[in-house]
file protein32.cif (mmCIF, C-alpha atoms)
data_run
loop_
_atom_site.label_atom_id
_atom_site.label_comp_id
_atom_site.auth_asym_id
_atom_site.auth_seq_id
_atom_site.Cartn_x
_atom_site.Cartn_y
_atom_site.Cartn_z
CA MET A 24 -21.36 -84.86 -12.04
CA GLY A 25 -22.72 -81.87 -10.11
CA ARG A 26 -24.77 -80.80 -13.12
CA ARG A 27 -26.43 -84.26 -13.37
CA LYS A 28 -27.49 -84.17 -9.69
CA THR A 29 -28.89 -80.70 -10.10
CA THR A 30 -30.83 -81.73 -13.21
CA ALA A 31 -32.20 -84.85 -11.47
CA ALA A 32 -33.29 -82.84 -8.41
CA ALA A 33 -35.03 -80.27 -10.62
CA ALA A 34 -36.83 -83.02 -12.48
CA ALA A 35 -37.93 -84.68 -9.22
CA ALA A 36 -39.29 -81.46 -7.62
CA PRO A 37 -42.97 -80.75 -8.33
CA PRO A 38 -43.67 -77.67 -10.41
CA ARG A 39 -44.79 -74.94 -8.00
CA GLY A 40 -46.48 -72.90 -10.69
CA SER A 41 -48.85 -75.71 -11.70
CA SER A 42 -49.69 -76.44 -8.05
CA ARG A 43 -50.54 -72.81 -7.36
CA ALA A 44 -52.60 -72.64 -10.54
CA ALA A 45 -54.58 -75.74 -9.50
CA ASP A 46 -55.21 -74.27 -6.02
CA GLY A 47 -56.34 -71.03 -7.61
CA VAL A 48 -58.78 -72.88 -9.89
CA ILE A 49 -60.21 -74.84 -6.96
CA SER A 50 -60.70 -71.71 -4.84
CA GLU A 51 -62.30 -69.99 -7.84
CA ILE A 52 -64.72 -72.89 -8.28
CA ARG A 53 -65.61 -72.80 -4.58
CA GLU A 54 -66.41 -69.09 -4.77
CA LYS A 55 -68.54 -69.77 -7.83
CA HIS A 56 -70.41 -72.53 -5.99
CA LYS A 57 -70.98 -70.27 -2.99
CA LEU A 58 -72.37 -67.50 -5.18
CA GLU A 59 -74.63 -70.00 -6.96
CA LEU A 60 -76.10 -71.20 -3.65
CA GLU A 61 -76.73 -67.62 -2.51
CA ASN A 62 -78.64 -66.88 -5.73
CA LEU A 63 -80.59 -70.15 -5.65
CA THR A 64 -83.86 -68.71 -4.29
CA LEU A 65 -87.45 -68.53 -5.47
CA THR A 66 -87.20 -64.77 -5.95
CA LYS A 67 -84.05 -64.82 -8.12
CA HIS A 68 -84.23 -68.18 -9.93
CA PRO A 69 -87.70 -69.70 -9.31
CA PHE A 70 -87.66 -72.42 -11.98
CA ARG A 71 -84.14 -73.59 -11.16
CA THR A 72 -84.97 -73.64 -7.43
CA LEU A 73 -88.18 -75.62 -8.02
CA HIS A 74 -86.23 -78.01 -10.27
CA PHE A 75 -83.73 -78.86 -7.53
CA PHE A 76 -86.55 -79.03 -4.95
CA MET A 77 -88.41 -81.61 -7.06
CA LEU A 78 -85.21 -83.62 -7.54
CA ALA A 79 -84.68 -83.62 -3.76
CA MET A 80 -88.28 -84.75 -3.17
CA LEU A 81 -87.89 -87.56 -5.70
CA GLN A 82 -84.71 -88.64 -3.93
CA TYR A 83 -86.48 -88.68 -0.54
CA LEU A 84 -89.42 -90.65 -1.98
CA LYS A 85 -87.01 -93.14 -3.53
CA ARG A 86 -85.30 -93.67 -0.17
CA LEU A 87 -88.69 -94.05 1.53
CA ALA A 88 -89.83 -96.60 -1.04
CA THR A 89 -86.56 -98.53 -0.62
CA TYR A 90 -87.00 -98.54 3.16
CA ILE A 91 -90.61 -99.75 2.90
CA LEU A 92 -89.61 -102.53 0.51
CA SER A 93 -86.79 -103.59 2.83
CA LYS A 94 -89.30 -103.80 5.72
CA GLY A 95 -92.05 -105.35 3.62
CA ALA A 96 -93.13 -107.96 6.17
CA LEU A 97 -93.44 -105.40 8.96
CA PHE A 98 -95.58 -103.05 6.84
CA ALA A 99 -97.76 -105.95 5.68
CA VAL A 100 -98.49 -106.90 9.30
CA LEU A 101 -99.21 -103.25 10.11
CA ILE A 102 -101.68 -102.98 7.22
CA VAL A 103 -103.46 -106.17 8.22
CA LEU A 104 -103.71 -105.29 11.93
CA VAL A 105 -104.38 -101.54 11.77
CA VAL A 106 -105.29 -100.13 8.36
CA ILE A 107 -107.85 -102.70 7.21
CA PRO A 108 -109.81 -102.77 10.55
CA GLY A 109 -109.72 -98.97 10.70
CA VAL A 110 -111.12 -98.55 7.18
CA THR A 111 -113.78 -101.17 7.93
CA LEU A 112 -114.92 -99.28 11.03
CA LEU A 113 -115.10 -96.03 9.06
CA VAL A 114 -117.16 -97.27 6.12
CA THR A 115 -119.63 -99.49 8.01
CA ASP A 116 -122.62 -98.27 10.01
CA GLY A 117 -123.62 -99.46 13.45
CA LEU A 118 -123.48 -98.69 17.13
CA HIS A 119 -119.73 -98.11 16.89
CA LYS A 120 -120.18 -95.10 14.57
CA LYS A 121 -120.53 -92.63 17.46
CA HIS A 122 -117.43 -93.94 19.20
CA VAL A 123 -115.43 -93.83 15.95
CA GLN A 124 -116.42 -90.20 15.42
CA GLU A 125 -115.43 -89.37 19.00
CA PHE A 126 -112.07 -91.06 18.46
CA LEU A 127 -111.54 -89.06 15.24
CA ASN A 128 -112.37 -85.82 17.07
CA TYR A 129 -109.77 -86.59 19.74
CA ALA A 130 -107.21 -87.66 17.10
CA ARG A 131 -107.73 -84.42 15.19
CA PHE A 132 -107.43 -82.42 18.40
CA VAL A 133 -104.17 -84.14 19.41
CA LEU A 134 -102.69 -83.94 15.90
CA TRP A 135 -103.54 -80.23 15.58
CA TRP A 136 -101.91 -79.04 18.79
CA VAL A 137 -98.87 -81.35 18.53
CA SER A 138 -98.34 -80.24 14.92
CA LEU A 139 -98.46 -76.58 15.97
CA GLY A 140 -95.80 -77.30 18.57
CA VAL A 141 -93.59 -79.13 16.06
CA ALA A 142 -94.02 -76.33 13.51
CA SER A 143 -93.01 -73.77 16.11
CA SER A 144 -89.76 -75.63 16.87
CA ILE A 145 -88.65 -76.76 13.41
CA GLY A 146 -88.84 -73.41 11.71
CA LEU A 147 -92.22 -71.63 11.62
CA GLY A 148 -91.42 -69.51 14.65
CA LYS A 149 -87.76 -69.02 13.68
CA CYS A 150 -88.30 -68.23 9.99
CA SER A 151 -91.34 -65.97 10.37
CA GLY A 152 -90.69 -64.47 13.79
CA LEU A 153 -94.22 -65.43 14.85
CA HIS A 154 -94.48 -68.27 17.34
CA THR A 155 -97.48 -70.63 17.13
CA PHE A 156 -98.04 -69.87 20.81
CA VAL A 157 -98.61 -66.24 19.79
CA LEU A 158 -100.73 -67.24 16.80
CA TYR A 159 -102.93 -69.95 18.31
CA LEU A 160 -102.40 -71.23 21.84
CA GLY A 161 -102.03 -67.85 23.55
CA PRO A 162 -105.15 -66.34 21.94
CA HIS A 163 -107.11 -69.53 22.70
CA ILE A 164 -106.21 -69.37 26.41
CA ALA A 165 -106.94 -65.63 26.52
CA LEU A 166 -110.33 -65.98 24.81
CA PHE A 167 -111.38 -68.84 27.10
CA THR A 168 -110.31 -66.93 30.22
CA ILE A 169 -112.14 -63.76 29.17
CA LYS A 170 -115.27 -65.75 28.31
CA ALA A 171 -115.14 -67.58 31.65
CA VAL A 172 -114.77 -64.28 33.52
CA GLN A 173 -117.65 -62.76 31.57
CA CYS A 174 -119.98 -65.69 32.23
CA GLY A 175 -118.75 -66.60 35.72
CA ARG A 176 -118.33 -70.25 34.74
CA VAL A 177 -115.49 -72.54 33.64
CA ASP A 178 -117.54 -75.41 32.19
CA LEU A 179 -117.86 -73.78 28.77
CA LYS A 180 -116.52 -76.62 26.62
CA THR A 181 -118.77 -79.37 25.32
CA ALA A 182 -115.73 -81.70 25.17
CA PRO A 183 -111.96 -81.46 25.78
CA TYR A 184 -111.43 -81.08 22.01
CA ASP A 185 -113.77 -78.05 21.85
CA THR A 186 -110.90 -75.68 21.05
CA ILE A 187 -109.57 -73.62 18.16
CA LEU A 188 -108.87 -76.04 15.30
CA LEU A 189 -108.07 -75.70 11.61
CA LYS A 190 -110.96 -73.76 9.98
CA GLN A 191 -113.11 -74.34 13.07
CA ALA A 192 -113.87 -72.08 16.01
CA PRO A 193 -114.86 -73.46 19.44
CA SER A 194 -118.59 -73.74 20.11
CA TRP A 195 -118.43 -71.61 23.28
CA LEU A 196 -116.91 -68.57 21.60
CA ASP A 197 -120.10 -67.12 20.09
CA LYS A 198 -122.55 -68.37 22.70
CA LYS A 199 -124.31 -66.02 25.10
CA CYS A 200 -123.62 -66.42 28.80
CA SER A 201 -127.29 -67.19 29.43
CA GLU A 202 -126.92 -70.40 27.40
CA PHE A 203 -124.42 -71.79 29.93
CA GLY A 204 -126.63 -71.14 32.96
CA SER A 205 -126.30 -68.99 36.02
CA PRO A 206 -122.79 -67.94 37.14
CA MET A 207 -120.98 -70.40 39.40
CA TYR A 208 -118.67 -67.68 40.69
CA PRO A 209 -120.63 -64.70 42.06
CA ALA A 210 -119.47 -61.20 41.28
CA SER A 211 -117.77 -59.10 43.95
CA ASP A 212 -117.23 -55.35 43.51
CA HIS A 213 -118.79 -55.53 40.03
CA SER A 214 -116.29 -58.16 38.86
CA VAL A 215 -116.08 -61.97 38.78
CA MET A 216 -113.19 -63.57 40.63
CA ILE A 217 -112.31 -67.05 39.30
CA PRO A 218 -109.35 -68.86 40.89
CA VAL A 219 -106.49 -69.39 38.47
CA PHE A 220 -106.27 -73.11 39.25
CA ASP A 221 -109.95 -73.54 38.36
CA LEU A 222 -109.27 -72.14 34.90
CA LEU A 223 -106.00 -74.02 34.32
CA PRO A 224 -107.49 -77.56 33.89
CA GLN A 225 -109.79 -76.25 31.15
CA VAL A 226 -106.89 -75.30 28.86
CA GLN A 227 -104.18 -77.55 30.29
CA LEU A 228 -104.48 -80.46 27.87
CA GLU A 229 -103.99 -78.44 24.69
CA ALA A 230 -101.08 -76.56 26.31
CA ILE A 231 -99.34 -79.84 27.20
CA LEU A 232 -99.92 -81.24 23.70
CA TRP A 233 -98.41 -78.10 22.21
CA GLY A 234 -95.43 -78.48 24.55
CA ILE A 235 -94.97 -82.12 23.49
CA GLY A 236 -94.88 -80.91 19.88
CA THR A 237 -92.18 -78.35 20.67
CA ALA A 238 -90.12 -81.10 22.35
CA LEU A 239 -90.49 -83.36 19.29
CA GLY A 240 -89.47 -80.47 17.05
CA GLU A 241 -86.13 -80.23 18.87
CA LEU A 242 -85.12 -83.76 17.87
CA PRO A 243 -83.92 -83.10 14.25
CA PRO A 244 -80.95 -80.89 15.31
CA TYR A 245 -79.95 -83.55 17.85
CA PHE A 246 -80.10 -86.43 15.34
CA ILE A 247 -78.32 -84.46 12.61
CA SER A 248 -75.54 -83.50 15.00
CA ARG A 249 -75.20 -87.07 16.31
CA ALA A 250 -75.03 -88.44 12.75
CA ALA A 251 -72.30 -85.92 11.93
CA ARG A 252 -70.35 -86.97 15.04
CA LEU A 253 -70.62 -90.66 14.15
CA SER A 254 -69.41 -89.95 10.61
CA GLY A 255 -66.42 -88.02 11.98
CA SER A 256 -67.49 -84.63 10.56
CA GLU A 257 -68.48 -81.36 12.18
CA LEU A 258 -71.68 -79.39 11.60
CA GLU A 259 -71.62 -75.99 9.91
CA ALA A 260 -73.33 -74.46 12.98
CA VAL A 261 -70.42 -75.56 15.16
CA LYS A 262 -67.80 -74.51 12.60
CA GLU A 263 -69.27 -71.01 12.38
CA LEU A 264 -68.76 -70.51 16.11
CA ASP A 265 -65.02 -71.15 15.74
CA VAL A 266 -64.70 -68.25 13.29
CA ALA A 267 -63.64 -64.90 14.72
CA PRO A 268 -66.50 -62.41 15.12
CA SER A 269 -66.97 -60.02 12.23
CA THR A 270 -67.06 -56.28 12.71
CA GLU A 271 -69.94 -56.09 10.22
CA ASP A 272 -72.29 -57.91 12.61
CA GLY A 273 -74.71 -55.77 14.54
CA PRO A 274 -74.83 -55.60 18.34
CA VAL A 275 -77.69 -58.14 18.55
CA ALA A 276 -75.93 -60.66 16.30
CA SER A 277 -72.67 -60.15 18.21
CA ASN A 278 -74.35 -60.79 21.56
CA VAL A 279 -76.11 -63.89 20.22
CA ASN A 280 -72.86 -65.29 18.81
CA ARG A 281 -71.08 -64.50 22.07
CA THR A 282 -73.77 -66.42 23.99
CA LYS A 283 -73.46 -69.35 21.58
CA ARG A 284 -69.69 -69.48 22.07
CA TRP A 285 -70.18 -69.38 25.84
CA LEU A 286 -72.57 -72.36 25.63
CA LEU A 287 -70.12 -74.21 23.41
CA SER A 288 -67.22 -73.54 25.80
CA HIS A 289 -69.30 -74.91 28.73
CA SER A 290 -70.47 -78.02 26.89
CA GLN A 291 -68.79 -80.26 29.49
CA HIS A 292 -71.56 -79.25 31.93
CA LEU A 293 -74.35 -80.63 29.72
CA ASN A 294 -76.44 -83.14 31.64
CA PHE A 295 -80.09 -83.86 32.47
CA PHE A 296 -80.53 -80.88 34.80
CA THR A 297 -78.81 -78.28 32.60
CA ILE A 298 -80.86 -79.41 29.59
CA LEU A 299 -83.99 -79.27 31.78
CA ILE A 300 -83.20 -75.69 32.80
CA LEU A 301 -82.51 -74.61 29.21
CA ALA A 302 -85.79 -76.19 28.04
CA SER A 303 -87.90 -74.75 30.87
CA VAL A 304 -87.48 -71.09 29.93
CA PRO A 305 -88.14 -69.25 26.65
CA ASN A 306 -84.81 -69.86 24.98
CA PRO A 307 -84.22 -69.11 21.27
CA LEU A 308 -80.79 -70.79 21.50
CA PHE A 309 -82.11 -74.22 22.45
CA ASP A 310 -81.38 -75.48 18.91
CA LEU A 311 -77.70 -75.02 19.72
CA ALA A 312 -78.18 -77.03 22.92
CA GLY A 313 -79.65 -79.88 20.86
CA ILE A 314 -76.75 -79.70 18.41
CA MET A 315 -74.24 -79.74 21.25
CA CYS A 316 -75.94 -82.71 22.91
CA GLY A 317 -75.73 -84.69 19.68
CA GLN A 318 -72.16 -83.56 18.97
CA PHE A 319 -70.84 -84.45 22.43
CA GLY A 320 -72.61 -87.78 22.84
CA ILE A 321 -75.40 -87.03 25.34
CA PRO A 322 -77.67 -90.13 25.39
CA PHE A 323 -80.92 -89.71 23.46
CA TRP A 324 -83.31 -90.57 26.29
CA GLU A 325 -81.53 -88.21 28.68
CA PHE A 326 -81.84 -85.37 26.16
CA PHE A 327 -85.42 -86.16 25.17
CA PHE A 328 -86.88 -86.63 28.66
CA ALA A 329 -85.21 -83.45 29.92
CA THR A 330 -86.53 -81.53 26.90
CA LEU A 331 -90.01 -83.08 27.24
CA ILE A 332 -90.34 -82.27 30.94
CA GLY A 333 -88.95 -78.76 30.48
CA LYS A 334 -91.05 -77.78 27.48
CA ALA A 335 -94.30 -79.78 27.93
CA ILE A 336 -94.64 -79.49 31.71
CA ILE A 337 -92.69 -76.54 33.14
CA LYS A 338 -92.49 -74.01 30.31
CA THR A 339 -96.06 -74.45 29.02
CA HIS A 340 -97.52 -74.14 32.52
CA ILE A 341 -95.55 -70.93 33.12
CA GLN A 342 -96.84 -69.47 29.86
CA THR A 343 -100.42 -70.68 30.44
CA LEU A 344 -100.58 -69.35 34.00
CA PHE A 345 -99.22 -66.01 32.79
CA ILE A 346 -101.91 -65.66 30.10
CA ILE A 347 -104.67 -66.72 32.53
CA SER A 348 -103.46 -64.26 35.15
CA LEU A 349 -103.19 -61.50 32.55
CA CYS A 350 -106.80 -61.96 31.40
CA ASN A 351 -108.26 -62.66 34.85
CA ASN A 352 -109.71 -60.09 37.20
CA GLN A 353 -107.35 -61.18 39.98
CA LEU A 354 -104.24 -59.79 38.29
CA LEU A 355 -106.08 -56.56 37.47
CA TYR A 356 -107.16 -56.31 41.11
CA LEU A 357 -103.57 -56.76 42.33
CA MET A 358 -102.30 -54.24 39.79
CA GLU A 359 -104.97 -51.80 40.91
CA LYS A 360 -103.94 -52.15 44.57
CA GLU A 361 -100.27 -51.65 43.73
CA LEU A 362 -101.02 -48.60 41.58
CA ILE A 363 -103.14 -47.08 44.35
CA TRP A 364 -100.31 -47.62 46.86
CA ILE A 365 -97.62 -46.21 44.53
CA PHE A 366 -99.53 -43.18 43.26
CA GLY A 367 -100.89 -42.46 46.72
CA HIS A 368 -97.35 -41.64 47.84
CA ILE A 369 -96.68 -39.25 44.94
CA PRO A 370 -97.26 -35.62 45.90
CA GLY A 371 -99.94 -33.91 43.84
CA PHE A 372 -101.20 -37.15 42.26
CA SER A 373 -103.39 -38.40 45.11
CA ALA A 374 -106.05 -35.82 44.26
CA ASN A 375 -106.45 -37.25 40.73
CA LEU A 376 -106.35 -40.85 41.93
CA PRO A 377 -110.16 -41.40 42.17
CA SER A 378 -110.73 -40.36 38.55
CA VAL A 379 -107.92 -42.66 37.35
CA ILE A 380 -109.38 -45.59 39.33
CA ALA A 381 -112.83 -44.87 37.87
CA LYS A 382 -111.39 -45.00 34.34
CA LEU A 383 -109.68 -48.32 35.12
CA HIS A 384 -112.98 -49.75 36.40
CA SER A 385 -114.84 -48.61 33.28
CA ALA A 386 -112.18 -50.17 31.03
CA LYS A 387 -112.33 -53.40 33.04
CA GLU A 388 -116.13 -53.55 32.83
CA LYS A 389 -115.98 -52.83 29.11
CA TYR A 390 -113.70 -55.75 28.26
CA LEU A 391 -114.42 -58.31 30.99
CA SER A 392 -118.14 -57.86 31.72
CA PRO A 393 -120.84 -59.84 29.87
CA PRO A 394 -121.80 -58.14 26.60
CA ALA A 395 -125.17 -56.45 26.77
CA SER A 396 -127.82 -57.36 24.23
CA GLY A 397 -127.97 -54.40 21.89
CA SER A 398 -130.05 -53.51 18.90
CA PRO A 399 -130.01 -55.64 15.72
CA SER A 400 -128.02 -52.95 13.90
CA SER A 401 -125.28 -53.00 16.55
CA GLN A 402 -125.17 -56.81 16.41
CA ILE A 403 -124.76 -56.63 12.63
CA GLU A 404 -121.91 -54.13 13.07
CA ASP A 405 -120.25 -56.43 15.62
CA LYS A 406 -120.51 -59.38 13.23
CA GLN A 407 -119.05 -57.32 10.41
CA TRP A 408 -116.19 -56.19 12.67
CA ASN A 409 -115.54 -59.78 13.81
CA PHE A 410 -115.61 -60.96 10.20
CA SER A 411 -113.17 -58.28 9.04
CA PHE A 412 -110.83 -58.98 11.99
CA ALA A 413 -110.97 -62.73 11.30
CA SER A 414 -110.22 -62.12 7.62
CA ILE A 415 -107.20 -59.96 8.45
CA TRP A 416 -105.95 -62.48 11.01
CA ASN A 417 -106.37 -65.42 8.60
CA SER A 418 -104.55 -63.46 5.88
CA VAL A 419 -101.63 -62.83 8.24
CA VAL A 420 -101.49 -66.52 9.18
CA TRP A 421 -101.55 -67.62 5.53
CA LEU A 422 -98.79 -65.15 4.66
CA VAL A 423 -96.69 -66.59 7.50
CA LEU A 424 -97.33 -70.13 6.26
CA MET A 425 -96.43 -69.15 2.69
CA ASN A 426 -93.19 -67.60 3.92
CA PHE A 427 -92.47 -70.80 5.86
CA PHE A 428 -93.12 -72.91 2.74
CA ILE A 429 -90.83 -70.69 0.64
CA LYS A 430 -88.07 -71.10 3.24
CA ILE A 431 -88.47 -74.89 3.15
CA VAL A 432 -88.38 -75.05 -0.66
CA THR A 433 -85.31 -72.79 -0.84
CA SER A 434 -83.45 -74.65 1.90
CA THR A 435 -84.21 -78.07 0.39
CA ALA A 436 -83.08 -76.97 -3.08
CA GLN A 437 -79.88 -75.43 -1.71
CA ASP A 438 -79.06 -78.57 0.30
CA TYR A 439 -79.54 -80.77 -2.76
CA ARG A 440 -77.39 -78.50 -4.93
CA LYS A 441 -74.74 -78.31 -2.16
CA ARG A 442 -74.43 -82.11 -2.17
CA GLN A 443 -73.95 -82.04 -5.95
CA GLN A 444 -71.27 -79.37 -5.58
CA ASP A 445 -69.46 -81.43 -2.93
CA VAL A 446 -69.33 -84.39 -5.34
CA GLU A 447 -67.99 -82.14 -8.10
CA MET A 448 -65.31 -80.73 -5.79
CA GLU A 449 -64.22 -84.23 -4.77
CA LEU A 450 -63.80 -85.19 -8.43
CA ILE A 451 -61.84 -82.00 -9.19
CA THR A 452 -59.61 -82.47 -6.12
CA ASP A 453 -58.95 -86.14 -6.98
CA SER A 454 -58.10 -85.31 -10.58
CA SER A 455 -55.80 -82.48 -9.41
CA SER A 456 -53.96 -84.72 -6.96
CA LEU A 457 -53.72 -87.43 -9.62
CA GLY A 458 -52.16 -84.91 -12.02
CA HIS A 459 -49.62 -83.91 -9.35
CA SER A 460 -48.66 -87.53 -8.75
CA LYS A 461 -48.15 -88.13 -12.46
CA THR A 462 -46.01 -85.01 -12.71
CA ASN A 463 -43.92 -86.18 -9.76
#
call {"tool": "encode", "arguments": {"input": "protein32.cif", "output": "structure tokens"}}
result
Amino acid sequence: MGRRKTTAAAAAAPPRGSSRAADGVISEIREKHKLELENLTLTKHPFRTLHFFMLAMLQYLKRLATYILSKGALFAVLIVLVVIPGVTLLVTDGLHKKHVQEFLNYARFVLWWVSLGVASSIGLGKCSGLHTFVLYLGPHIALFTIKAVQCGRVDLKTAPYDTILLKQAPSWLDKKCSEFGSPMYPASDHSVMIPVFDLLPQVQLEAILWGIGTALGELPPYFISRAARLSGSELEAVKELDVAPSTEDGPVASNVNRTKRWLLSHSQHLNFFTILILASVPNPLFDLAGIMCGQFGIPFWEFFFATLIGKAIIKTHIQTLFIISLCNNQLLYLMEKELIWIFGHIPGFSANLPSVIAKLHSAKEKYLSPPASGSPSSQIEDKQWNFSFASIWNSVVWLVLMNFFIKIVTSTAQDYRKRQQDVEMELITDSSSLGHSKTN
């Protein structure tokens, strides 16, 4: 009798060896999938990466076509009310042609600066390390300020959209100061003093548009995190913060991860004002703030308005005023006064102070005074120098854009392949559990 019970119990118990073998196979497959994703790049497997990228694009286009067909009536009304009248105005001649062209100029201007802001937030600045403020908006503000100081005028633009655009330089950049008229701000002590708040309105619109773009670029992390919360899952970015810090990480990575964990541990304090503060200062960790807001149920309009005000109003004005002050004679004058006061109290340096001040004045006159009309040969050399500098700058920008495109292709291909691997793992796990149940 005892032997029968023992035999029945042994038959009812699941075989431990087979269970361990199945777990080992699953973990082995996961390691294989992880290694495959790491090697799925354009440098290691270009054709395979492009293949998965094209499959992902076809999937997105299929979803878009399905959505359009499901909203067929809405898109038909939109075409009738907007597209057909717009095309008619473009192809026909008449008195409206000038106004249509003006509208297109403004639309191109708005689209350009908003797109630069979006690109800076969604990955161009993060993947390349070069912010579009550094590439475009900052140089534009600096060039306009220097030109205004040189000419003693702020009314340099022919229109608000007379700015740096794609493959187009502003009209005021290569003009001589005599073409704008006599200076509106007279020179004092061999330098022109233009108030900062007279220069600000001239570059304010493009700065705000760029800030609006950066605010719009922060929405994808929020929506992705909110969708994960509604589906009951947790994002990889949040999961990684729960892992213990690795000793292989450098000091910078360790400090960044420590800051991220601190933000995550204080997520209960997220509200309109804390989001506003985080968005109002240069903050490379704001993506995590967007993820946390979506993960912990912060309302969309509260998150968006706080981000919009912080980035498009406060942060952009801080950056713009800093660039204007840096390129304006007023900041140089204040720096000169402070240097004179500091070095005047250093023993043995006060005797050399006049020569240092003279060198500062010569440097200031060289870069901020109106360029003198030189000989034709010097003008040709200046044009050649400007052309070579523009070529180098454009090459750098195109290399940055190519790197950004490569990152997008690689990330899209890896995401598509990751979804396929998740489906395969579900099938393997289901078949393994089904085998266990049959054995039991």
call {"tool": "atom_distance", "arguments": {"input": "protein32.cif", "atom1": "CA of Ile231 (chain A)", "atom2": "CA of Phe132 (chain A)"}}
result
12.2 Å
call {"tool": "atom_distance", "arguments": {"input": "protein32.cif", "atom1": "CA of Leu58 (chain A)", "atom2": "CA of Ser248 (chain A)"}}
result
25.9 Å
call {"tool": "resolve_selection", "arguments": {"input": "protein32.cif", "expression": "the PyMOL selection byres ((chain A and resi 193) around 12)", "output": "PyMOL selection string"}}
result
chain A and resi 132+163-164+166-167+170+179-192+194-198
call {"tool": "closest_atom_pairs", "arguments": {"input": "protein32.cif", "of": "region 67-164 of chain A", "to": "region 422-443 of chain A", "cutoff": "6 Å", "atoms": "all atoms listed in the file", "output": "JSON lines"}}
result
{"residue": "A:Thr72", "atom": "CA", "partner": "A:Ala436", "partner_atom": "CA", "distance": 5.8}
{"residue": "A:Phe75", "atom": "CA", "partner": "A:Ala436", "partner_atom": "CA", "distance": 4.9}
{"residue": "A:Phe76", "atom": "CA", "partner": "A:Ala436", "partner_atom": "CA", "distance": 4.4}
{"residue": "A:Ala79", "atom": "CA", "partner": "A:Tyr439", "partner_atom": "CA", "distance": 6.0}
{"residue": "A:Leu147", "atom": "CA", "partner": "A:Phe427", "partner_atom": "CA", "distance": 5.8}
call {"tool": "atom_distance", "arguments": {"input": "protein32.cif", "atom1": "CA of Ser201 (chain A)", "atom2": "CA of Tyr129 (chain A)"}}
result
27.9 Å
call {"tool": "closest_residue", "arguments": {"input": "protein32.cif", "among": "A:Val110, A:Leu139, A:Met315, A:Leu223", "to": "Val177 (chain A)", "atoms": "all atoms listed in the file"}}
result
A:Leu223
call {"tool": "resolve_selection", "arguments": {"input": "protein32.cif", "expression": "the PyMOL selection byres ((chain A and resi 222) around 9)", "output": "mmCIF file with C-alpha atoms, in the coordinates of the input"}}
result
data_model
loop_
_atom_site.group_PDB
_atom_site.id
_atom_site.type_symbol
_atom_site.label_atom_id
_atom_site.label_comp_id
_atom_site.auth_asym_id
_atom_site.auth_seq_id
_atom_site.Cartn_x
_atom_site.Cartn_y
_atom_site.Cartn_z
ATOM 1 C CA PHE A 167 -111.380 -68.840 27.100
ATOM 2 C CA THR A 168 -110.310 -66.930 30.220
ATOM 3 C CA ALA A 171 -115.140 -67.580 31.650
ATOM 4 C CA VAL A 177 -115.490 -72.540 33.640
ATOM 5 C CA ILE A 217 -112.310 -67.050 39.300
ATOM 6 C CA PRO A 218 -109.350 -68.860 40.890
ATOM 7 C CA VAL A 219 -106.490 -69.390 38.470
ATOM 8 C CA PHE A 220 -106.270 -73.110 39.250
ATOM 9 C CA ASP A 221 -109.950 -73.540 38.360
ATOM 10 C CA LEU A 223 -106.000 -74.020 34.320
ATOM 11 C CA PRO A 224 -107.490 -77.560 33.890
ATOM 12 C CA GLN A 225 -109.790 -76.250 31.150
ATOM 13 C CA VAL A 226 -106.890 -75.300 28.860
ATOM 14 C CA GLN A 227 -104.180 -77.550 30.290
ATOM 15 C CA ILE A 347 -104.670 -66.720 32.530
#
call {"tool": "closest_residue", "arguments": {"input": "protein32.cif", "among": "A:Val446, A:Leu92, A:Leu232, A:Leu158", "to": "Ala335 (chain A)", "atoms": "all atoms listed in the file"}}
result
A:Leu232
call {"tool": "resolve_selection", "arguments": {"input": "protein32.cif", "expression": "the PyMOL selection byres ((chain A and resi 243) around 10)", "output": "number ranges by chain"}}
result
A: 144-145, 239-242, 244-249, 310, 313-314, 317
call {"tool": "residues_around", "arguments": {"input": "protein32.cif", "residues": "Ala302 (chain A)", "least_positions_apart": "4", "cutoff": "6 Å", "atoms": "all atoms listed in the file", "output": "list in words"}}
result
Thr330, Gly333 and Lys334 of chain A
call {"tool": "residues_around", "arguments": {"input": "protein32.cif", "residues": "Leu299 (chain A)", "least_positions_apart": "5", "cutoff": "10 Å", "atoms": "all atoms listed in the file", "output": "MDAnalysis selection string"}}
result
chainID A and resid 293:294 304 325:334 337
call {"tool": "axis_aligned_box", "arguments": {"input": "protein32.cif", "around": "region 83-102 of chain A", "padding_each_side": "4 Å", "output": "JSON"}}
result
{"center_x": -93.5, "center_y": -98.3, "center_z": 3.3, "size_x": 24.4, "size_y": 27.3, "size_z": 21.6}
call {"tool": "residues_around", "arguments": {"input": "protein32.cif", "residues": "Gly236 (chain A)", "least_positions_apart": "6", "cutoff": "6 Å", "atoms": "only C-alpha atoms", "output": "PDB file with C-alpha atoms, keeping the file's coordinate frame"}}
result
ATOM      1  CA  VAL A 137     -98.870 -81.350  18.530  1.00  0.00           C
ATOM      2  CA  GLY A 140     -95.800 -77.300  18.570  1.00  0.00           C
ATOM      3  CA  VAL A 141     -93.590 -79.130  16.060  1.00  0.00           C
TER       4      VAL A 141
END
call {"tool": "closest_residue", "arguments": {"input": "protein32.cif", "among": "A:Glu229, A:Thr339, A:Lys120, A:Asp445", "to": "His56 (chain A)", "atoms": "only C-alpha atoms"}}
result
A:Asp445
call {"tool": "residues_near_point", "arguments": {"input": "protein32.cif", "point": "(-101.7, -65.9, 27.9)", "cutoff": "10 Å", "atoms": "all atoms listed in the file", "output": "MDAnalysis selection string"}}
result
chainID A and resid 156:157 160:166 168 341:350
